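Report on the structure given below.
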2 protein chains.
Amino acid sequence: MDDAKEKSTQQPVDVQVPAAVVSRLSLYLRELQELVRAGQETTNSTQLGKKLGFTDAQVRKDLAYFGQFGYPGIGYRCEELIPAIKRILGTDRSWPVAVVGLGNLGRALLGYRGFDEQGFRVVAAFDVDPDQLQQDVDSVETFHLDRLSEVVKEKAIRLGIIAVPAAAAQEVATKLVDAGVDGVLNFAPVTLALPDHVSRVGVDLAIELEQLSFAVVNRPENP
Amino acid sequence: MDDAKEKSTQQPVDVQVPAAVVSRLSLYLRELQELVRAGQETTNSTQLGKKLGFTDAQVRKDLAYFGQFGYPGIGYRCEELIPAIKRILGTDRSWPVAVVGLGNLGRALLGYRGFDEQGFRVVAAFDVDPDQLQQDVDSVETFHLDRLSEVVKEKAIRLGIIAVPAAAAQEVATKLVDAGVDGVLNFAPVTLALPDHVSRVGVDLAIELEQLSFAVVNRPENP
């Protein structure tokens, strides 16, 4: 018997991995976490894909970007694949995050429990309106935007979430970059000019609705 | 010369199109709309892919799911490809949408201008808290959840957005389905039990942050 076959191995990540594969990794992680909560120790590509609507081949191909994780005759060991995916996604560590903008969206994000569960800790929130800074929001300390640079350094903040109106987004992005963050998640409907060394992800909520209208329009009974 | 080559043709949509392809269609649409605003009449798979970080082969393969849209020696005609993609996504029509939940997230969604631009018209918002229903929010009429069924029928609402706490999400989803909506966009971090004839898309905002941490961790200079 070949020993190598009994080892789950992770390889350095090719940065050319398509974004779609990365977002599927997140879905596999959620599914595995749910399986563990349900007391399951192992799973396989068929089961993992089934609930998510992917083929087993797709699951295997996605994971193969990052290494060899399955065992012949066993499949995937949940307690091994979960930390491996977290390492790949970078959520094996805790990320101090800042939210800029304390309007409805910013406040909704501060109350969003899903971030904490995956290792993202919102540790500061910023706004320019003194009325918004009277008190903590969902136990997160609030600061005037003028103090961004100082607070980012003090709290070792790595990621910034932009939840301000479109007109203010570029200014805020520049301030975040100058303060030294490594990545920016942008909810404002504008394309940001950022230096290459700063990662960015844009969120366009209309795309989610378009997925839904696509599904409705293209249902078999809706020709 | 083969006449057929000069025709852009659309074919019936195979419902097995991967979700990732559908979300890329949304990105192509945004890009094409921007090109038209910049005065450009034609484009090609290389240009279309470049700004989005996809290869030209990926762009051609994605579009090939839905038909033949390019012209030899010309590429894609923007004014032709835009309506074709809108037809595929179902955004060639206007969708009356309801938002349930008038907390911070619901209010942020009512103020989100990106929906209108793609044909999604939020025409009603619902909550159970009378304090939230005193007045319109961002010009959207607000109603008590008890009136959901009546208002959905009256305003011919097709899609419902769930922006309530996790504990209330299933009850709201069931009410939306009973009222007759065709699709549900769910922001609550729970998996909903819905009948097969209702389409659903779940939004997990932590996945967007995971894309960002992945990008930061896997940058060439961050081994």
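Here's how to read the names in the structure tokens: chain A, B, ... by the order shown, residue numbers from 1 in each chain, ligand numbers from 1 in the order shown.
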> Got a sec: who's within 8 Å of Thr55 (chain A), counting only C-alpha atoms, leaving out chain neighbours fewer than 3 positions off, as an MDAnalysis selection string?
Replying inline: chainID A and resid 45:46 49:50 58:59
Could the residues in this selection be written to a file with N, CA and C atoms, as a compact mmCIF listing (two decimals), in the first residue's frame?
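out_30.txt written:
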# COMPACT_ATOMS: atom_id res chain seq x y z
N SER A 45 -17.02 13.83 -1.76
CA SER A 45 -17.34 14.89 -2.71
C SER A 45 -18.80 14.85 -3.14
N THR A 46 -19.39 13.66 -3.19
CA THR A 46 -20.79 13.56 -3.61
C THR A 46 -21.70 14.23 -2.58
N GLY A 49 -21.07 18.01 -2.37
CA GLY A 49 -21.63 18.76 -3.50
C GLY A 49 -23.15 18.77 -3.51
N LYS A 50 -23.74 17.68 -3.04
CA LYS A 50 -25.18 17.49 -3.23
C LYS A 50 -26.01 18.64 -2.64
N GLN A 58 -16.94 18.54 -9.61
CA GLN A 58 -16.65 19.96 -9.35
C GLN A 58 -15.97 20.12 -7.99
N VAL A 59 -16.49 19.45 -6.98
CA VAL A 59 -15.93 19.54 -5.63
C VAL A 59 -14.47 19.07 -5.65
Once you count only C-alpha atoms, which residues of chain B turn out to be within 8 Å of chain A? Could you give them as a PDB file with N, CA and C atoms, in the first residue's frame?
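Below is the file iface-v1.pdb, written as the result:
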ATOM      1  N   VAL B  13     -32.348  28.754 -22.431  1.00  0.00           N
ATOM      2  CA  VAL B  13     -31.360  28.592 -21.375  1.00  0.00           C
ATOM      3  C   VAL B  13     -31.446  27.202 -20.748  1.00  0.00           C
ATOM      4  N   ASP B  14     -30.305  26.552 -20.684  1.00  0.00           N
ATOM      5  CA  ASP B  14     -30.194  25.279 -19.986  1.00  0.00           C
ATOM      6  C   ASP B  14     -30.184  25.583 -18.487  1.00  0.00           C
ATOM      7  N   VAL B  15     -31.131  25.031 -17.753  1.00  0.00           N
ATOM      8  CA  VAL B  15     -31.228  25.384 -16.334  1.00  0.00           C
ATOM      9  C   VAL B  15     -30.043  24.882 -15.520  1.00  0.00           C
ATOM     10  N   ALA B  19     -24.131  28.491 -11.230  1.00  0.00           N
ATOM     11  CA  ALA B  19     -24.419  29.793 -10.633  1.00  0.00           C
ATOM     12  C   ALA B  19     -23.283  30.774 -10.890  1.00  0.00           C
ATOM     13  N   ALA B  20     -22.041  30.267 -10.904  1.00  0.00           N
ATOM     14  CA  ALA B  20     -20.888  31.143 -11.107  1.00  0.00           C
ATOM     15  C   ALA B  20     -20.953  31.815 -12.481  1.00  0.00           C
ATOM     16  N   VAL B  22     -23.708  32.535 -14.079  1.00  0.00           N
ATOM     17  CA  VAL B  22     -24.765  33.550 -14.004  1.00  0.00           C
ATOM     18  C   VAL B  22     -24.240  34.820 -13.346  1.00  0.00           C
ATOM     19  N   SER B  23     -23.445  34.655 -12.272  1.00  0.00           N
ATOM     20  CA  SER B  23     -22.965  35.875 -11.619  1.00  0.00           C
ATOM     21  C   SER B  23     -21.932  36.584 -12.499  1.00  0.00           C
ATOM     22  N   SER B  26     -23.698  38.905 -14.848  1.00  0.00           N
ATOM     23  CA  SER B  26     -23.982  40.208 -14.229  1.00  0.00           C
ATOM     24  C   SER B  26     -22.790  41.140 -14.364  1.00  0.00           C
ATOM     25  N   ILE B  88     -31.614  37.160 -20.625  1.00  0.00           N
ATOM     26  CA  ILE B  88     -31.202  35.913 -19.966  1.00  0.00           C
ATOM     27  C   ILE B  88     -31.361  36.037 -18.451  1.00  0.00           C
ATOM     28  N   LEU B  89     -30.919  37.165 -17.903  1.00  0.00           N
ATOM     29  CA  LEU B  89     -31.005  37.359 -16.446  1.00  0.00           C
ATOM     30  C   LEU B  89     -32.426  37.668 -15.986  1.00  0.00           C
ATOM     31  N   GLY B  90     -33.297  37.997 -16.937  1.00  0.00           N
ATOM     32  CA  GLY B  90     -34.664  38.355 -16.552  1.00  0.00           C
ATOM     33  C   GLY B  90     -34.783  39.806 -16.155  1.00  0.00           C
ATOM     34  N   THR B  91     -33.722  40.595 -16.375  1.00  0.00           N
ATOM     35  CA  THR B  91     -33.809  42.013 -15.986  1.00  0.00           C
ATOM     36  C   THR B  91     -34.162  42.903 -17.171  1.00  0.00           C
ATOM     37  N   GLY B 103     -35.165  46.814  10.067  1.00  0.00           N
ATOM     38  CA  GLY B 103     -33.995  47.108  10.892  1.00  0.00           C
ATOM     39  C   GLY B 103     -32.953  47.797  10.029  1.00  0.00           C
ATOM     40  N   ASN B 104     -31.718  47.850  10.525  1.00  0.00           N
ATOM     41  CA  ASN B 104     -30.666  48.547   9.782  1.00  0.00           C
ATOM     42  C   ASN B 104     -30.455  47.962   8.391  1.00  0.00           C
ATOM     43  N   LEU B 105     -30.450  46.611   8.300  1.00  0.00           N
ATOM     44  CA  LEU B 105     -30.204  45.989   7.001  1.00  0.00           C
ATOM     45  C   LEU B 105     -31.336  46.315   6.032  1.00  0.00           C
ATOM     46  N   ARG B 107     -33.397  48.789   6.036  1.00  0.00           N
ATOM     47  CA  ARG B 107     -33.339  50.209   5.663  1.00  0.00           C
ATOM     48  C   ARG B 107     -32.181  50.481   4.694  1.00  0.00           C
ATOM     49  N   ALA B 108     -31.060  49.804   4.914  1.00  0.00           N
ATOM     50  CA  ALA B 108     -29.936  49.962   3.981  1.00  0.00           C
ATOM     51  C   ALA B 108     -30.346  49.485   2.588  1.00  0.00           C
ATOM     52  N   LEU B 109     -31.086  48.384   2.527  1.00  0.00           N
ATOM     53  CA  LEU B 109     -31.503  47.843   1.228  1.00  0.00           C
ATOM     54  C   LEU B 109     -32.498  48.786   0.541  1.00  0.00           C
ATOM     55  N   GLY B 114     -28.484  50.575  -6.363  1.00  0.00           N
ATOM     56  CA  GLY B 114     -28.117  49.593  -7.381  1.00  0.00           C
ATOM     57  C   GLY B 114     -29.275  48.723  -7.846  1.00  0.00           C
ATOM     58  N   PHE B 115     -30.298  48.530  -7.002  1.00  0.00           N
ATOM     59  CA  PHE B 115     -31.420  47.669  -7.383  1.00  0.00           C
ATOM     60  C   PHE B 115     -32.216  48.267  -8.536  1.00  0.00           C
ATOM     61  N   GLN B 118     -30.988  48.062 -12.111  1.00  0.00           N
ATOM     62  CA  GLN B 118     -31.069  46.790 -12.830  1.00  0.00           C
ATOM     63  C   GLN B 118     -32.506  46.281 -12.947  1.00  0.00           C
ATOM     64  N   PHE B 120     -34.973  46.266 -10.496  1.00  0.00           N
ATOM     65  CA  PHE B 120     -35.647  45.778  -9.287  1.00  0.00           C
ATOM     66  C   PHE B 120     -36.236  46.966  -8.538  1.00  0.00           C
ATOM     67  N   ASP B 182     -42.388  34.418  -6.291  1.00  0.00           N
ATOM     68  CA  ASP B 182     -41.688  33.403  -7.071  1.00  0.00           C
ATOM     69  C   ASP B 182     -40.268  33.158  -6.587  1.00  0.00           C
ATOM     70  N   GLY B 183     -39.716  34.117  -5.832  1.00  0.00           N
ATOM     71  CA  GLY B 183     -38.332  33.965  -5.409  1.00  0.00           C
ATOM     72  C   GLY B 183     -38.057  34.715  -4.126  1.00  0.00           C
ATOM     73  N   VAL B 184     -37.064  34.212  -3.381  1.00  0.00           N
ATOM     74  CA  VAL B 184     -36.734  34.783  -2.081  1.00  0.00           C
ATOM     75  C   VAL B 184     -35.227  35.019  -2.008  1.00  0.00           C
ATOM     76  N   LEU B 185     -34.828  36.233  -1.662  1.00  0.00           N
ATOM     77  CA  LEU B 185     -33.423  36.543  -1.402  1.00  0.00           C
ATOM     78  C   LEU B 185     -33.256  36.632   0.108  1.00  0.00           C
ATOM     79  N   PRO B 189     -28.853  34.302   8.315  1.00  0.00           N
ATOM     80  CA  PRO B 189     -27.891  33.187   8.252  1.00  0.00           C
ATOM     81  C   PRO B 189     -28.531  31.853   8.630  1.00  0.00           C
ATOM     82  N   VAL B 198     -40.366  27.591  -5.672  1.00  0.00           N
ATOM     83  CA  VAL B 198     -39.911  28.932  -5.289  1.00  0.00           C
ATOM     84  C   VAL B 198     -38.381  28.983  -5.362  1.00  0.00           C
ATOM     85  N   SER B 199     -37.856  29.930  -6.126  1.00  0.00           N
ATOM     86  CA  SER B 199     -36.400  30.071  -6.242  1.00  0.00           C
ATOM     87  C   SER B 199     -35.874  30.796  -5.018  1.00  0.00           C
ATOM     88  N   ARG B 200     -34.650  30.470  -4.655  1.00  0.00           N
ATOM     89  CA  ARG B 200     -34.076  31.147  -3.508  1.00  0.00           C
ATOM     90  C   ARG B 200     -32.588  31.382  -3.721  1.00  0.00           C
ATOM     91  N   VAL B 201     -32.094  32.515  -3.204  1.00  0.00           N
ATOM     92  CA  VAL B 201     -30.668  32.812  -3.194  1.00  0.00           C
ATOM     93  C   VAL B 201     -30.342  33.280  -1.776  1.00  0.00           C
ATOM     94  N   VAL B 203     -27.657  35.093   0.846  1.00  0.00           N
ATOM     95  CA  VAL B 203     -26.524  36.020   0.853  1.00  0.00           C
ATOM     96  C   VAL B 203     -25.760  35.821   2.160  1.00  0.00           C
ATOM     97  N   ASP B 204     -24.491  35.509   2.062  1.00  0.00           N
ATOM     98  CA  ASP B 204     -23.654  35.323   3.248  1.00  0.00           C
ATOM     99  C   ASP B 204     -22.507  36.317   3.132  1.00  0.00           C
ATOM    100  N   LEU B 205     -22.617  37.418   3.862  1.00  0.00           N
ATOM    101  CA  LEU B 205     -21.651  38.507   3.686  1.00  0.00           C
ATOM    102  C   LEU B 205     -20.248  38.119   4.145  1.00  0.00           C
ATOM    103  N   ALA B 206     -20.147  37.103   5.026  1.00  0.00           N
ATOM    104  CA  ALA B 206     -18.815  36.682   5.458  1.00  0.00           C
ATOM    105  C   ALA B 206     -18.018  36.091   4.295  1.00  0.00           C
ATOM    106  N   ILE B 207     -18.735  35.529   3.297  1.00  0.00           N
ATOM    107  CA  ILE B 207     -18.041  34.956   2.142  1.00  0.00           C
ATOM    108  C   ILE B 207     -17.257  36.044   1.407  1.00  0.00           C
ATOM    109  N   GLU B 208     -17.811  37.250   1.355  1.00  0.00           N
ATOM    110  CA  GLU B 208     -17.110  38.348   0.689  1.00  0.00           C
ATOM    111  C   GLU B 208     -15.825  38.694   1.448  1.00  0.00           C
ATOM    112  N   LEU B 209     -15.909  38.679   2.770  1.00  0.00           N
ATOM    113  CA  LEU B 209     -14.709  38.954   3.570  1.00  0.00           C
ATOM    114  C   LEU B 209     -13.691  37.820   3.420  1.00  0.00           C
ATOM    115  N   GLU B 210     -14.181  36.590   3.259  1.00  0.00           N
ATOM    116  CA  GLU B 210     -13.256  35.467   3.067  1.00  0.00           C
ATOM    117  C   GLU B 210     -12.510  35.580   1.738  1.00  0.00           C
ATOM    118  N   GLN B 211     -13.208  36.094   0.708  1.00  0.00           N
ATOM    119  CA  GLN B 211     -12.534  36.334  -0.574  1.00  0.00           C
ATOM    120  C   GLN B 211     -11.392  37.325  -0.366  1.00  0.00           C
ATOM    121  N   LEU B 212     -11.652  38.301   0.507  1.00  0.00           N
ATOM    122  CA  LEU B 212     -10.654  39.334   0.763  1.00  0.00           C
ATOM    123  C   LEU B 212      -9.474  38.776   1.560  1.00  0.00           C
ATOM    124  N   SER B 213      -9.762  38.007   2.607  1.00  0.00           N
ATOM    125  CA  SER B 213      -8.644  37.464   3.397  1.00  0.00           C
ATOM    126  C   SER B 213      -7.833  36.486   2.542  1.00  0.00           C
ATOM    127  N   PHE B 214      -8.527  35.721   1.675  1.00  0.00           N
ATOM    128  CA  PHE B 214      -7.811  34.833   0.752  1.00  0.00           C
ATOM    129  C   PHE B 214      -6.848  35.644  -0.115  1.00  0.00           C
ATOM    130  N   ALA B 215      -7.349  36.745  -0.659  1.00  0.00           N
ATOM    131  CA  ALA B 215      -6.522  37.571  -1.544  1.00  0.00           C
ATOM    132  C   ALA B 215      -5.319  38.135  -0.791  1.00  0.00           C
ATOM    133  N   VAL B 216      -5.532  38.550   0.455  1.00  0.00           N
ATOM    134  CA  VAL B 216      -4.440  39.134   1.235  1.00  0.00           C
ATOM    135  C   VAL B 216      -3.405  38.058   1.576  1.00  0.00           C
ATOM    136  N   VAL B 217      -3.877  36.910   2.048  1.00  0.00           N
ATOM    137  CA  VAL B 217      -2.975  35.849   2.493  1.00  0.00           C
ATOM    138  C   VAL B 217      -2.180  35.267   1.324  1.00  0.00           C
ATOM    139  N   ASN B 218      -2.802  35.202   0.163  1.00  0.00           N
ATOM    140  CA  ASN B 218      -2.156  34.546  -0.972  1.00  0.00           C
ATOM    141  C   ASN B 218      -1.507  35.511  -1.944  1.00  0.00           C
ATOM    142  N   ARG B 219      -1.255  36.733  -1.511  1.00  0.00           N
ATOM    143  CA  ARG B 219      -0.523  37.656  -2.363  1.00  0.00           C
ATOM    144  C   ARG B 219       0.905  37.171  -2.510  1.00  0.00           C
ATOM    145  N   PRO B 220       1.488  37.378  -3.701  1.00  0.00           N
ATOM    146  CA  PRO B 220       2.842  36.883  -3.937  1.00  0.00           C
ATOM    147  C   PRO B 220       3.826  37.323  -2.828  1.00  0.00           C
TER     148      PRO B 220
END
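Across region 107-214 of chain A, DSSP run on the backbone finds strand (DSSP E) at Phe120, Arg121, Val122, Val123, Ala124, Ala125, Phe126, Asp127, Thr142, Phe143, His144, Leu159, Gly160, Ile161, Ile162, Gly183, Val184, Leu185, Asn186, Ser199, Arg200, Val201 and Gly202 of chain A.
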Would you output that residue set with N, CA and C atoms, as an mmCIF file, in the first residue's frame?
data_model
loop_
_atom_site.group_PDB
_atom_site.id
_atom_site.type_symbol
_atom_site.label_atom_id
_atom_site.label_comp_id
_atom_site.auth_asym_id
_atom_site.auth_seq_id
_atom_site.Cartn_x
_atom_site.Cartn_y
_atom_site.Cartn_z
ATOM 1 N N PHE A 120 -13.650 37.094 11.650
ATOM 2 C CA PHE A 120 -13.524 38.523 11.374
ATOM 3 C C PHE A 120 -14.102 39.306 12.556
ATOM 4 N N ARG A 121 -13.220 40.061 13.235
ATOM 5 C CA ARG A 121 -13.611 40.765 14.442
ATOM 6 C C ARG A 121 -13.665 42.255 14.138
ATOM 7 N N VAL A 122 -14.865 42.816 14.106
ATOM 8 C CA VAL A 122 -14.959 44.263 13.879
ATOM 9 C C VAL A 122 -14.588 44.961 15.177
ATOM 10 N N VAL A 123 -13.471 45.691 15.170
ATOM 11 C CA VAL A 123 -12.941 46.272 16.403
ATOM 12 C C VAL A 123 -13.062 47.792 16.450
ATOM 13 N N ALA A 124 -13.484 48.413 15.352
ATOM 14 C CA ALA A 124 -13.655 49.864 15.353
ATOM 15 C C ALA A 124 -14.585 50.264 14.219
ATOM 16 N N ALA A 125 -15.339 51.336 14.460
ATOM 17 C CA ALA A 125 -16.209 51.876 13.422
ATOM 18 C C ALA A 125 -15.996 53.379 13.349
ATOM 19 N N PHE A 126 -16.091 53.924 12.148
ATOM 20 C CA PHE A 126 -15.769 55.329 11.923
ATOM 21 C C PHE A 126 -16.895 56.039 11.192
ATOM 22 N N ASP A 127 -17.041 57.320 11.490
ATOM 23 C CA ASP A 127 -17.983 58.156 10.752
ATOM 24 C C ASP A 127 -17.486 59.599 10.877
ATOM 25 N N THR A 142 -16.687 53.472 18.533
ATOM 26 C CA THR A 142 -16.823 54.345 17.363
ATOM 27 C C THR A 142 -15.870 55.542 17.470
ATOM 28 N N PHE A 143 -15.359 55.964 16.322
ATOM 29 C CA PHE A 143 -14.385 57.058 16.274
ATOM 30 C C PHE A 143 -14.707 57.993 15.119
ATOM 31 N N HIS A 144 -14.239 59.237 15.236
ATOM 32 C CA HIS A 144 -14.309 60.141 14.093
ATOM 33 C C HIS A 144 -13.302 59.684 13.039
ATOM 34 N N LEU A 159 -8.144 44.827 7.735
ATOM 35 C CA LEU A 159 -9.140 44.930 6.667
ATOM 36 C C LEU A 159 -10.116 46.069 6.965
ATOM 37 N N GLY A 160 -10.515 46.790 5.911
ATOM 38 C CA GLY A 160 -11.478 47.876 6.077
ATOM 39 C C GLY A 160 -12.721 47.618 5.234
ATOM 40 N N ILE A 161 -13.893 47.866 5.819
ATOM 41 C CA ILE A 161 -15.150 47.730 5.079
ATOM 42 C C ILE A 161 -15.710 49.122 4.818
ATOM 43 N N ILE A 162 -15.932 49.433 3.551
ATOM 44 C CA ILE A 162 -16.428 50.752 3.176
ATOM 45 C C ILE A 162 -17.947 50.709 3.037
ATOM 46 N N GLY A 183 -6.439 45.118 2.944
ATOM 47 C CA GLY A 183 -7.535 44.797 2.045
ATOM 48 C C GLY A 183 -8.754 45.640 2.338
ATOM 49 N N VAL A 184 -9.575 45.840 1.296
ATOM 50 C CA VAL A 184 -10.753 46.694 1.394
ATOM 51 C C VAL A 184 -11.956 45.956 0.817
ATOM 52 N N LEU A 185 -13.032 45.897 1.608
ATOM 53 C CA LEU A 185 -14.298 45.363 1.111
ATOM 54 C C LEU A 185 -15.210 46.546 0.852
ATOM 55 N N ASN A 186 -15.624 46.723 -0.401
ATOM 56 C CA ASN A 186 -16.323 47.939 -0.786
ATOM 57 C C ASN A 186 -17.793 47.699 -1.130
ATOM 58 N N SER A 199 -5.466 44.485 -1.517
ATOM 59 C CA SER A 199 -6.497 43.635 -2.109
ATOM 60 C C SER A 199 -7.847 44.305 -1.959
ATOM 61 N N ARG A 200 -8.720 44.036 -2.907
ATOM 62 C CA ARG A 200 -10.039 44.637 -2.812
ATOM 63 C C ARG A 200 -11.086 43.663 -3.306
ATOM 64 N N VAL A 201 -12.274 43.697 -2.684
ATOM 65 C CA VAL A 201 -13.431 42.937 -3.141
ATOM 66 C C VAL A 201 -14.602 43.912 -3.143
ATOM 67 N N GLY A 202 -15.332 43.941 -4.240
ATOM 68 C CA GLY A 202 -16.506 44.810 -4.313
ATOM 69 C C GLY A 202 -17.774 43.992 -4.138
#
Margin query: So that I can check the secondary structure, give me every residue of region 18-165 of chain B assigned alpha helix (DSSP H) by backbone DSSP, as a ChimeraX atom specification.
Written below: /B:19-37,45-52,56-64,78-89,104-110,113-117,148-154
A straight line from CA of Pro195 (chain B) to CA of Lys155 (chain B) spans 22.6 Å
CA of Asp56 (chain B) to CA of Asn44 (chain B) measures 8.2 Å
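Straight-line separation from CA of Pro83 (chain A) to CA of Gln40 (chain A): 15.7 Å.
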